[in-house]
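Structure first, then comments.
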Amino acid sequence: MRVEAADPREHLSPAQMCVMGMIAAHSAEGGGAILSKRQMSMLSGYSDDAIKLAVRELKRKGYLTVESRFAEDGSRLSNRYRIVVPG
């Protein structure tokens, strides 16, 4: 799947910038970051709803890919987030 990089001039909200920073700080080389929205909320001080909105908008703008993850028993695990690098 090809993801087009976002326009670098597009405005990011403070919450979106914070989410990007947390994902960058927690990313393993090439593997992205595995964080729950609850963890991001606790680390940032933003509400759960603000984090959900920031992630949704970053994905829509092309800055993030989000991979849903599941345990063998089908229960949900924290998503994997990857920052999209232009080029």
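By order in the structure tokens, chains are A, B, ...; within a chain, residues start at 1; ligands start at 1, following the order shown.
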Practice prompt. Can you check which residues of chain A DSSP gives as strand (DSSP E) on the backbone and send them as a PyMOL selection string?
Written response: chain A and resi 33-34+64-70+76-83
Just to be explicit: take each residue in the selection above, keep C-alpha atoms, and write the result as a PDB file, in the first residue's frame.
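Full text of out-v5.pdb as output:
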```
ATOM      1  CA  ALA A  33       5.784   2.596  17.930  1.00  0.00           C
ATOM      2  CA  ILE A  34       3.397   0.398  19.866  1.00  0.00           C
ATOM      3  CA  LEU A  64       0.766   8.309  10.056  1.00  0.00           C
ATOM      4  CA  THR A  65      -0.078   4.744   9.245  1.00  0.00           C
ATOM      5  CA  VAL A  66      -1.931   2.763  11.886  1.00  0.00           C
ATOM      6  CA  GLU A  67      -1.769  -1.025  12.083  1.00  0.00           C
ATOM      7  CA  SER A  68      -4.381  -2.765  14.233  1.00  0.00           C
ATOM      8  CA  ARG A  69      -2.945  -5.660  16.216  1.00  0.00           C
ATOM      9  CA  PHE A  70      -4.636  -8.677  17.770  1.00  0.00           C
ATOM     10  CA  ARG A  76      -7.166  -6.284  20.737  1.00  0.00           C
ATOM     11  CA  LEU A  77      -3.624  -5.150  21.374  1.00  0.00           C
ATOM     12  CA  SER A  78      -2.209  -1.639  21.164  1.00  0.00           C
ATOM     13  CA  ASN A  79      -1.906  -0.348  17.609  1.00  0.00           C
ATOM     14  CA  ARG A  80       1.418   0.063  15.825  1.00  0.00           C
ATOM     15  CA  TYR A  81       1.993   3.621  14.566  1.00  0.00           C
ATOM     16  CA  ARG A  82       4.479   4.559  11.869  1.00  0.00           C
ATOM     17  CA  ILE A  83       5.395   8.071  10.796  1.00  0.00           C
TER      18      ILE A  83
END
```
Worksheet item: What separation in Å, quoted to one decimal, exists between atom CA of Asp49 of chain A and atom CA of Val84 of chain A?
Response: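 Answer for the atom CA of Asp49 of chain A to atom CA of Val84 of chain A separation: 22.8 Å.
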Item to complete: Would you return as a PyMOL selection string the members of chain A that DSSP assigns to helix (DSSP H, G or I) on this structure's backbone?
Response: chain A and resi 14-25+37-44+48-61
Worksheet entry | Test item: residues at most 8 Å from Ala15 of chain A, only C-alpha atoms, excluding those fewer than 5 positions along its chain, as a list in words |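 Once the nearby chain positions are removed, what remains is Tyr46, Ala50, Ile51 and Ala54 of chain A.
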Worksheet item: Of the candidates A:Glu57, A:Lys52, A:Tyr63, A:Val85, which shows the shortest atom-to-atom distance to Ser13 of chain A, using only C-alpha atoms?
Response: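 Nearest to Ser13 of chain A: A:Glu57.
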Practice prompt. Identify which of the residues A:Cys18, A:Ala24, A:Asp48, A:Leu12 lies closest to Arg60 of chain A, counting only C-alpha atoms when measuring atom-to-atom distances.
Written response: A:Leu12
Discussion item. Please report the interatomic distance between atom CA of Ser41 of chain A and atom CA of Asp73 of chain A in Å with one decimal.
Written reply: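 Spanning atom CA of Ser41 of chain A to atom CA of Asp73 of chain A is a straight-line distance of 26.6 Å.
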Item to complete: Identify which of the residues A:Lys37, A:Gly21, A:Glu72, A:His26 lies closest to Leu53 of chain A, counting only C-alpha atoms when measuring atom-to-atom distances.
Response: A:Lys37
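Coordinates place atom CA of Gly32 of chain A at a distance of 16.5 Å from atom CA of Met17 of chain A.
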